[in-house]
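A.B. asks: So here's start-v9.txt, just compact mmCIF, N, CA and C atoms:
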```txt
# COMPACT_ATOMS: atom_id res chain seq x y z
N MET A 225 69.08 -27.17 -54.78
CA MET A 225 67.79 -26.96 -54.18
C MET A 225 67.33 -28.19 -53.40
N LYS A 226 67.60 -29.38 -53.92
CA LYS A 226 67.22 -30.61 -53.25
C LYS A 226 67.93 -30.76 -51.91
N ASN A 227 69.19 -30.41 -51.83
CA ASN A 227 69.96 -30.52 -50.60
C ASN A 227 69.40 -29.62 -49.50
N ASN A 228 68.94 -28.45 -49.83
CA ASN A 228 68.36 -27.54 -48.85
C ASN A 228 67.10 -28.10 -48.22
N LEU A 229 66.30 -28.83 -48.96
CA LEU A 229 65.07 -29.42 -48.43
C LEU A 229 65.38 -30.51 -47.41
N LYS A 230 66.43 -31.28 -47.62
CA LYS A 230 66.80 -32.34 -46.67
C LYS A 230 67.18 -31.74 -45.33
N PHE A 231 67.93 -30.68 -45.31
CA PHE A 231 68.37 -30.07 -44.06
C PHE A 231 67.24 -29.36 -43.34
N GLN A 232 66.26 -28.91 -44.02
CA GLN A 232 65.16 -28.19 -43.39
C GLN A 232 64.22 -29.13 -42.64
N LYS A 233 64.19 -30.39 -42.95
CA LYS A 233 63.32 -31.35 -42.28
C LYS A 233 63.88 -31.83 -40.95
N ALA A 234 65.11 -31.64 -40.67
CA ALA A 234 65.75 -32.15 -39.44
C ALA A 234 65.97 -31.01 -38.45
N PHE A 235 66.22 -31.39 -37.17
CA PHE A 235 66.55 -30.41 -36.14
C PHE A 235 68.03 -30.08 -36.20
N SER A 236 68.36 -28.85 -35.92
CA SER A 236 69.76 -28.48 -35.87
C SER A 236 70.33 -28.84 -34.50
N LEU A 237 71.63 -28.86 -34.39
CA LEU A 237 72.30 -29.19 -33.14
C LEU A 237 71.97 -28.16 -32.06
N ILE A 238 71.86 -26.94 -32.43
CA ILE A 238 71.53 -25.87 -31.46
C ILE A 238 70.13 -26.06 -30.92
N GLU A 239 69.19 -26.43 -31.76
CA GLU A 239 67.81 -26.68 -31.30
C GLU A 239 67.76 -27.86 -30.33
N LEU A 240 68.50 -28.91 -30.61
CA LEU A 240 68.54 -30.06 -29.71
C LEU A 240 69.16 -29.70 -28.36
N ILE A 241 70.23 -28.94 -28.37
CA ILE A 241 70.87 -28.52 -27.12
C ILE A 241 69.92 -27.65 -26.31
N PHE A 242 69.20 -26.77 -26.98
CA PHE A 242 68.23 -25.91 -26.31
C PHE A 242 67.13 -26.73 -25.64
N VAL A 243 66.59 -27.72 -26.34
CA VAL A 243 65.54 -28.58 -25.79
C VAL A 243 66.06 -29.37 -24.58
N ILE A 244 67.26 -29.90 -24.67
CA ILE A 244 67.86 -30.64 -23.55
C ILE A 244 68.05 -29.73 -22.35
N ALA A 245 68.49 -28.50 -22.58
CA ALA A 245 68.68 -27.55 -21.48
C ALA A 245 67.36 -27.21 -20.81
N VAL A 246 66.31 -27.00 -21.59
CA VAL A 246 64.98 -26.70 -21.03
C VAL A 246 64.47 -27.89 -20.22
N LEU A 247 64.62 -29.10 -20.74
CA LEU A 247 64.20 -30.30 -20.00
C LEU A 247 64.99 -30.44 -18.70
N GLY A 248 66.26 -30.12 -18.71
CA GLY A 248 67.08 -30.17 -17.49
C GLY A 248 66.60 -29.17 -16.46
N ILE A 249 66.25 -27.98 -16.89
CA ILE A 249 65.73 -26.96 -15.96
C ILE A 249 64.40 -27.41 -15.37
N ILE A 250 63.53 -27.95 -16.18
CA ILE A 250 62.24 -28.44 -15.68
C ILE A 250 62.45 -29.58 -14.68
N ALA A 251 63.39 -30.47 -14.97
CA ALA A 251 63.66 -31.60 -14.07
C ALA A 251 64.19 -31.15 -12.72
N THR A 252 64.96 -30.06 -12.69
CA THR A 252 65.50 -29.60 -11.41
C THR A 252 64.39 -29.11 -10.47
N PHE A 253 63.27 -28.70 -11.02
CA PHE A 253 62.13 -28.28 -10.19
C PHE A 253 61.17 -29.44 -9.92
N ALA A 254 60.98 -30.31 -10.90
CA ALA A 254 59.97 -31.37 -10.79
C ALA A 254 60.40 -32.51 -9.89
N ILE A 255 61.65 -32.95 -9.96
CA ILE A 255 62.09 -34.12 -9.19
C ILE A 255 62.02 -33.89 -7.68
N PRO A 256 62.49 -32.78 -7.13
CA PRO A 256 62.33 -32.57 -5.68
C PRO A 256 60.87 -32.53 -5.24
N LYS A 257 60.00 -31.94 -6.05
CA LYS A 257 58.57 -31.91 -5.72
C LYS A 257 57.99 -33.32 -5.70
N LEU A 258 58.40 -34.13 -6.65
CA LEU A 258 57.93 -35.51 -6.72
C LEU A 258 58.38 -36.28 -5.48
N LEU A 259 59.64 -36.14 -5.08
CA LEU A 259 60.15 -36.84 -3.91
C LEU A 259 59.48 -36.35 -2.63
N ASP A 260 59.21 -35.05 -2.54
CA ASP A 260 58.53 -34.51 -1.37
C ASP A 260 57.10 -35.01 -1.28
N THR A 261 56.44 -35.16 -2.41
CA THR A 261 55.08 -35.68 -2.44
C THR A 261 55.05 -37.12 -1.93
N ARG A 262 56.04 -37.92 -2.30
CA ARG A 262 56.09 -39.32 -1.85
C ARG A 262 56.29 -39.38 -0.34
N SER A 263 57.20 -38.58 0.19
CA SER A 263 57.44 -38.62 1.63
C SER A 263 56.22 -38.10 2.40
N SER A 264 55.51 -37.13 1.85
CA SER A 264 54.29 -36.65 2.49
C SER A 264 53.23 -37.74 2.53
N ALA A 265 53.15 -38.53 1.49
CA ALA A 265 52.19 -39.64 1.45
C ALA A 265 52.55 -40.70 2.49
N VAL A 266 53.83 -40.99 2.64
CA VAL A 266 54.27 -41.97 3.64
C VAL A 266 53.96 -41.47 5.04
N VAL A 267 54.21 -40.19 5.30
CA VAL A 267 53.93 -39.61 6.62
C VAL A 267 52.43 -39.70 6.92
N THR A 268 51.60 -39.37 5.95
CA THR A 268 50.15 -39.45 6.15
C THR A 268 49.71 -40.88 6.41
N THR A 269 50.28 -41.83 5.70
CA THR A 269 49.94 -43.24 5.90
C THR A 269 50.34 -43.71 7.29
N ILE A 270 51.53 -43.36 7.73
CA ILE A 270 51.99 -43.77 9.07
C ILE A 270 51.12 -43.12 10.14
N LYS A 271 50.79 -41.87 9.96
CA LYS A 271 49.95 -41.16 10.92
C LYS A 271 48.59 -41.85 11.04
N GLN A 272 48.00 -42.23 9.91
CA GLN A 272 46.72 -42.94 9.92
C GLN A 272 46.86 -44.32 10.54
N ASP A 273 47.95 -45.02 10.24
CA ASP A 273 48.19 -46.34 10.84
C ASP A 273 48.26 -46.25 12.36
N ILE A 274 48.97 -45.26 12.87
CA ILE A 274 49.10 -45.10 14.32
C ILE A 274 47.74 -44.85 14.95
N SER A 275 46.94 -44.01 14.33
CA SER A 275 45.60 -43.72 14.84
C SER A 275 44.73 -44.98 14.84
N THR A 276 44.77 -45.73 13.77
CA THR A 276 43.99 -46.97 13.67
C THR A 276 44.43 -47.99 14.70
N ILE A 277 45.74 -48.15 14.86
CA ILE A 277 46.28 -49.14 15.79
C ILE A 277 45.89 -48.78 17.22
N THR A 278 46.08 -47.53 17.61
CA THR A 278 45.77 -47.15 18.99
C THR A 278 44.29 -47.28 19.29
N THR A 279 43.44 -46.90 18.36
CA THR A 279 41.99 -47.03 18.56
C THR A 279 41.58 -48.49 18.67
N ALA A 280 42.13 -49.34 17.81
CA ALA A 280 41.78 -50.76 17.83
C ALA A 280 42.24 -51.43 19.13
N ILE A 281 43.44 -51.09 19.59
CA ILE A 281 43.95 -51.69 20.83
C ILE A 281 43.12 -51.23 22.02
N GLN A 282 42.78 -49.95 22.05
CA GLN A 282 41.96 -49.44 23.16
C GLN A 282 40.58 -50.10 23.16
N SER A 283 39.99 -50.30 22.00
CA SER A 283 38.68 -50.96 21.91
C SER A 283 38.77 -52.41 22.35
N GLN A 284 39.82 -53.10 21.90
CA GLN A 284 40.01 -54.50 22.28
C GLN A 284 40.19 -54.63 23.79
N TYR A 285 40.95 -53.73 24.38
CA TYR A 285 41.18 -53.78 25.82
C TYR A 285 39.89 -53.47 26.58
N MET A 286 39.10 -52.55 26.07
CA MET A 286 37.84 -52.21 26.73
C MET A 286 36.88 -53.40 26.72
N LEU A 287 36.89 -54.17 25.65
CA LEU A 287 35.99 -55.32 25.54
C LEU A 287 36.47 -56.53 26.34
N ASN A 288 37.77 -56.78 26.37
CA ASN A 288 38.30 -58.01 26.97
C ASN A 288 39.14 -57.80 28.22
N SER A 289 39.45 -56.59 28.58
CA SER A 289 40.27 -56.24 29.74
C SER A 289 41.69 -56.79 29.67
N SER A 290 42.12 -57.20 28.50
CA SER A 290 43.51 -57.64 28.32
C SER A 290 43.84 -57.70 26.84
N ILE A 291 45.14 -57.66 26.57
CA ILE A 291 45.64 -57.80 25.19
C ILE A 291 46.75 -58.86 25.24
N ASP A 292 46.52 -59.99 24.58
CA ASP A 292 47.55 -61.03 24.52
C ASP A 292 48.50 -60.77 23.35
N LYS A 293 47.93 -60.42 22.22
CA LYS A 293 48.71 -60.11 21.03
C LYS A 293 48.06 -58.92 20.34
N ILE A 294 48.88 -58.09 19.76
CA ILE A 294 48.35 -56.93 19.03
C ILE A 294 47.55 -57.40 17.82
N THR A 295 47.95 -58.50 17.23
CA THR A 295 47.25 -59.00 16.05
C THR A 295 45.83 -59.46 16.36
N ASP A 296 45.49 -59.65 17.65
CA ASP A 296 44.12 -59.97 18.01
C ASP A 296 43.19 -58.77 17.82
N SER A 297 43.74 -57.58 17.90
CA SER A 297 42.90 -56.39 17.83
C SER A 297 42.99 -55.64 16.49
N VAL A 298 44.07 -55.83 15.76
CA VAL A 298 44.23 -55.09 14.52
C VAL A 298 45.03 -55.91 13.51
N THR A 299 44.67 -55.78 12.25
CA THR A 299 45.44 -56.39 11.17
C THR A 299 46.19 -55.26 10.47
N ILE A 300 47.49 -55.39 10.43
CA ILE A 300 48.33 -54.32 9.88
C ILE A 300 49.27 -54.91 8.83
N ASN A 301 49.66 -54.12 7.87
CA ASN A 301 50.53 -54.55 6.78
C ASN A 301 51.91 -54.93 7.32
N GLU A 302 52.28 -56.17 7.17
CA GLU A 302 53.56 -56.66 7.68
C GLU A 302 54.75 -56.20 6.85
N LYS A 303 54.51 -55.66 5.67
CA LYS A 303 55.61 -55.11 4.87
C LYS A 303 56.10 -53.80 5.48
N ASN A 304 55.19 -53.05 6.09
CA ASN A 304 55.55 -51.77 6.67
C ASN A 304 55.90 -51.88 8.15
N TRP A 305 55.20 -52.72 8.86
CA TRP A 305 55.35 -52.81 10.32
C TRP A 305 55.95 -54.15 10.71
N LYS A 306 56.88 -54.12 11.66
CA LYS A 306 57.43 -55.34 12.25
C LYS A 306 56.54 -55.67 13.45
N ILE A 307 55.94 -56.86 13.44
CA ILE A 307 54.95 -57.23 14.45
C ILE A 307 55.54 -58.25 15.40
N GLU A 308 55.47 -57.94 16.69
CA GLU A 308 55.78 -58.89 17.75
C GLU A 308 54.50 -59.06 18.56
N ASP A 309 54.54 -59.84 19.64
CA ASP A 309 53.31 -60.10 20.40
C ASP A 309 52.63 -58.81 20.87
N LYS A 310 53.35 -57.98 21.58
CA LYS A 310 52.76 -56.76 22.13
C LYS A 310 53.49 -55.51 21.68
N LYS A 311 54.16 -55.61 20.53
CA LYS A 311 54.96 -54.48 20.07
C LYS A 311 54.93 -54.40 18.55
N LEU A 312 54.78 -53.19 18.04
CA LEU A 312 54.87 -52.91 16.61
C LEU A 312 55.97 -51.88 16.39
N THR A 313 56.77 -52.07 15.36
CA THR A 313 57.79 -51.08 15.03
C THR A 313 57.73 -50.78 13.54
N TYR A 314 57.96 -49.53 13.23
CA TYR A 314 58.05 -49.08 11.83
C TYR A 314 59.49 -48.66 11.59
N ASP A 315 60.16 -49.37 10.71
CA ASP A 315 61.56 -49.08 10.40
C ASP A 315 61.65 -48.40 9.04
N ILE A 316 62.52 -47.40 8.97
CA ILE A 316 62.81 -46.73 7.72
C ILE A 316 64.30 -46.92 7.45
N ASP A 317 64.59 -47.64 6.38
CA ASP A 317 65.98 -47.94 6.01
C ASP A 317 66.72 -48.63 7.16
N GLY A 318 66.05 -49.54 7.86
CA GLY A 318 66.66 -50.29 8.94
C GLY A 318 66.77 -49.55 10.26
N ILE A 319 66.25 -48.33 10.32
CA ILE A 319 66.30 -47.53 11.55
C ILE A 319 64.91 -47.47 12.15
N ASN A 320 64.82 -47.79 13.43
CA ASN A 320 63.54 -47.79 14.13
C ASN A 320 63.03 -46.36 14.26
N CYS A 321 61.86 -46.10 13.72
CA CYS A 321 61.30 -44.74 13.70
C CYS A 321 60.09 -44.63 14.63
N VAL A 322 59.18 -45.58 14.57
CA VAL A 322 57.96 -45.57 15.38
C VAL A 322 57.85 -46.88 16.12
N THR A 323 57.55 -46.80 17.42
CA THR A 323 57.32 -48.00 18.23
C THR A 323 55.99 -47.85 18.95
N ILE A 324 55.15 -48.85 18.82
CA ILE A 324 53.88 -48.90 19.55
C ILE A 324 53.93 -50.18 20.39
N GLU A 325 53.77 -50.02 21.71
CA GLU A 325 53.93 -51.17 22.59
C GLU A 325 52.82 -51.19 23.64
N VAL A 326 52.26 -52.38 23.84
CA VAL A 326 51.26 -52.58 24.89
C VAL A 326 52.01 -52.97 26.15
N LEU A 327 51.90 -52.13 27.17
CA LEU A 327 52.51 -52.41 28.46
C LEU A 327 51.44 -52.98 29.37
N THR A 328 51.69 -53.11 30.67
CA THR A 328 50.75 -53.75 31.59
C THR A 328 49.35 -53.13 31.52
N ASN A 329 49.24 -51.86 31.78
CA ASN A 329 47.94 -51.18 31.74
C ASN A 329 47.96 -49.94 30.86
N SER A 330 48.88 -49.90 29.91
CA SER A 330 49.00 -48.71 29.07
C SER A 330 49.47 -49.08 27.67
N LEU A 331 49.32 -48.12 26.80
CA LEU A 331 49.76 -48.24 25.41
C LEU A 331 50.72 -47.10 25.14
N SER A 332 51.92 -47.43 24.70
CA SER A 332 52.97 -46.44 24.49
C SER A 332 53.25 -46.26 23.01
N VAL A 333 53.28 -44.99 22.56
CA VAL A 333 53.66 -44.65 21.20
C VAL A 333 54.92 -43.80 21.29
N ILE A 334 56.00 -44.26 20.66
CA ILE A 334 57.28 -43.56 20.72
C ILE A 334 57.74 -43.24 19.31
N ILE A 335 58.06 -41.97 19.07
CA ILE A 335 58.59 -41.51 17.80
C ILE A 335 60.03 -41.08 18.01
N ASP A 336 60.95 -41.66 17.24
CA ASP A 336 62.36 -41.26 17.33
C ASP A 336 62.64 -40.29 16.19
N GLU A 337 62.39 -39.01 16.42
CA GLU A 337 62.49 -38.00 15.37
C GLU A 337 63.92 -37.74 14.92
N LYS A 338 64.89 -38.21 15.68
CA LYS A 338 66.29 -37.95 15.33
C LYS A 338 66.91 -39.04 14.45
N SER A 339 66.12 -40.05 14.13
CA SER A 339 66.69 -41.17 13.38
C SER A 339 66.61 -41.01 11.86
N GLY A 340 66.11 -39.89 11.37
CA GLY A 340 66.09 -39.68 9.93
C GLY A 340 65.15 -38.56 9.52
N ASP A 341 65.26 -38.17 8.26
CA ASP A 341 64.43 -37.07 7.75
C ASP A 341 62.95 -37.42 7.78
N LEU A 342 62.61 -38.64 7.36
CA LEU A 342 61.20 -39.03 7.35
C LEU A 342 60.64 -39.12 8.76
N CYS A 343 61.45 -39.59 9.69
CA CYS A 343 61.02 -39.65 11.10
C CYS A 343 60.78 -38.24 11.63
N GLN A 344 61.63 -37.31 11.24
CA GLN A 344 61.45 -35.91 11.64
C GLN A 344 60.16 -35.35 11.05
N LYS A 345 59.84 -35.72 9.82
CA LYS A 345 58.60 -35.26 9.19
C LYS A 345 57.38 -35.84 9.91
N ILE A 346 57.49 -37.08 10.38
CA ILE A 346 56.40 -37.68 11.16
C ILE A 346 56.20 -36.90 12.44
N TYR A 347 57.28 -36.57 13.09
CA TYR A 347 57.23 -35.79 14.33
C TYR A 347 56.65 -34.40 14.06
N ASP A 348 57.07 -33.78 12.97
CA ASP A 348 56.57 -32.46 12.61
C ASP A 348 55.09 -32.48 12.23
N ALA A 349 54.60 -33.65 11.81
CA ALA A 349 53.18 -33.78 11.44
C ALA A 349 52.27 -33.83 12.67
N GLY A 350 52.86 -33.79 13.86
CA GLY A 350 52.05 -33.73 15.07
C GLY A 350 52.00 -35.01 15.87
N ILE A 351 52.72 -36.02 15.45
CA ILE A 351 52.74 -37.28 16.20
C ILE A 351 53.84 -37.18 17.24
N ARG A 352 53.48 -37.35 18.48
CA ARG A 352 54.43 -37.20 19.58
C ARG A 352 54.47 -38.48 20.42
N ASN A 353 55.46 -38.57 21.28
CA ASN A 353 55.52 -39.68 22.24
C ASN A 353 54.35 -39.50 23.20
N ILE A 354 53.57 -40.55 23.34
CA ILE A 354 52.40 -40.47 24.20
C ILE A 354 52.12 -41.85 24.80
N THR A 355 51.55 -41.84 25.99
CA THR A 355 51.14 -43.07 26.64
C THR A 355 49.65 -42.97 26.96
N TYR A 356 48.89 -43.98 26.52
CA TYR A 356 47.46 -44.03 26.78
C TYR A 356 47.20 -45.03 27.91
N ASP A 357 46.39 -44.65 28.88
CA ASP A 357 45.97 -45.59 29.92
C ASP A 357 44.90 -46.50 29.35
N LEU A 358 45.05 -47.80 29.60
CA LEU A 358 44.08 -48.76 29.09
C LEU A 358 43.05 -49.17 30.14
N ILE A 359 43.19 -48.70 31.35
CA ILE A 359 42.23 -49.08 32.38
C ILE A 359 41.00 -48.21 32.32
```
Write the structure described by the file as structure tokens, please.
C.D. replies:
Amino acid sequence: MKNNLKFQKAFSLIELIFVIAVLGIIATFAIPKLLDTRSSAVVTTIKQDISTITTAIQSQYMLNSSIDKITDSVTINEKNWKIEDKKLTYDIDGINCVTIEVLTNSLSVIIDEKSGDLCQKIYDAGIRNITYDLI
């Protein structure tokens, strides 16, 4: 009788296998959703960054009639964006995805949608190649 009580307190091998199988099935649905949520957040962040950058550059140009450096008009996270004097680039895994450049009298936004899945998602989110006149 004592031996039967010991075995009743523990899980059987079949119960453990069943729990592991259920967790595996749940993981097959949860992990792709989690990864998709992260990429959607990145796309939204980049979309907002582009809007902020273009608005700030246009305002700076309207006030001063020139742009010497992009950093004069906007402060942007250098971990995400590569900053040059008149050019910003957003790289994903070392591949150039978004380029924002101040030209003589215009502002150019270029999306390379063919350089990766995330770049394609940015393009699909409605961000297109566009040139704004600064005059």
A.B. asks: May I have a table of the residues of region 252-292 of chain A lying at most 7 Å from region 352-358 of chain A, giving each one's closest pair of atoms and their distance in Å to one decimal, counting all atoms listed in the file, ordered by chain and ascending residue number, as CSV?
C.D. replies:
```
residue,atom,partner,partner_atom,distance
A:Gln282,CA,A:Leu358,CA,6.3
A:Tyr285,C,A:Leu358,C,6.4
A:Met286,N,A:Leu358,C,6.6
```
A.B. asks: Figure out the distance between CA of Asp292 (chain A) and CA of Asp273 (chain A), please, to one decimal in Å.
C.D. replies: 20.1 Å
A.B. asks: Interatomic distance between atom C of Val322 (chain A) and atom C of Ile334 (chain A)?
C.D. replies: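 A separation of 4.8 Å between them.
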A.B. asks: Could you pull the residues within 6.5 Å of region 312-320 of chain A, counting only N, CA and C atoms, minus those fewer than 6 positions along the same chain, as a PDB file with N, CA and C atoms, in the frame of the given file?
C.D. replies:
```pdb
ATOM      1  N   ASN A 304      55.190 -53.050   6.090  1.00  0.00           N
ATOM      2  CA  ASN A 304      55.550 -51.770   6.670  1.00  0.00           C
ATOM      3  C   ASN A 304      55.900 -51.880   8.150  1.00  0.00           C
ATOM      4  N   TRP A 305      55.200 -52.720   8.860  1.00  0.00           N
ATOM      5  CA  TRP A 305      55.350 -52.810  10.320  1.00  0.00           C
ATOM      6  C   TRP A 305      55.950 -54.150  10.710  1.00  0.00           C
ATOM      7  N   LYS A 306      56.880 -54.120  11.660  1.00  0.00           N
ATOM      8  CA  LYS A 306      57.430 -55.340  12.250  1.00  0.00           C
ATOM      9  C   LYS A 306      56.540 -55.670  13.450  1.00  0.00           C
ATOM     10  N   VAL A 326      52.260 -52.380  23.840  1.00  0.00           N
ATOM     11  CA  VAL A 326      51.260 -52.580  24.890  1.00  0.00           C
ATOM     12  C   VAL A 326      52.010 -52.970  26.150  1.00  0.00           C
ATOM     13  N   ASP A 336      60.950 -41.660  17.240  1.00  0.00           N
ATOM     14  CA  ASP A 336      62.360 -41.260  17.330  1.00  0.00           C
ATOM     15  C   ASP A 336      62.640 -40.290  16.190  1.00  0.00           C
ATOM     16  N   SER A 339      66.120 -40.050  14.130  1.00  0.00           N
ATOM     17  CA  SER A 339      66.690 -41.170  13.380  1.00  0.00           C
ATOM     18  C   SER A 339      66.610 -41.010  11.860  1.00  0.00           C
TER      19      SER A 339
END
```
A.B. asks: For atom N of Lys338 (chain A) and CA of Pro256 (chain A), determine how far apart the two atoms are, in Å to one decimal place.
C.D. replies: 22.2 Å
A.B. asks: Select, from A:Lys233, A:Gln344, A:Ile291, A:Ala349, the residue with the minimum atom-to-atom distance to Thr328 (chain A), counting all atoms listed in the file.
C.D. replies: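 The answer is A:Ile291, which sits nearest to Thr328 (chain A).
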A.B. asks: Select from chain A everything DSSP, run on the backbone, classes as strand (DSSP E), then give the selection as JSON, numbers by chain.
C.D. replies: {"A": [305, 306, 307, 311, 312, 313, 314, 315, 316, 319, 320, 321, 322, 323, 324, 325, 326, 330, 331, 332, 333, 334, 335, 354, 355, 356, 357]}
A.B. asks: Using all atoms listed in the file, which of the listed residues (A:Ala254, A:Thr279, A:Lys310, A:Ala245) sits closest to Lys293 (chain A)?
C.D. replies: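 Going through A:Ala254, A:Thr279, A:Lys310, A:Ala245 one by one, the smallest distance to Lys293 (chain A) is for A:Lys310.
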A.B. asks: Quick one: everything within 12 Å of Gly350 (chain A), counting only C-alpha atoms, minus sequence neighbours fewer than 2 positions away in the same chain. Send it as a ChimeraX atom specification.
C.D. replies: /A:267-268,270-272,274-275,335,337,343-348,352-354
A.B. asks: Smallest atom-to-atom distance to Thr295 (chain A): which of A:Ser283, A:Asn329, A:Lys311, A:Leu258, using all atoms listed in the file?
C.D. replies: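 For Thr295 (chain A), the nearest of the candidates is A:Lys311.
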A.B. asks: Could you please write out, as number ranges by chain, every residue of chain A that DSSP assigns to helix (DSSP H, G or I)?
C.D. replies: A: 226-232, 237-288, 294-296, 337-339, 341-348
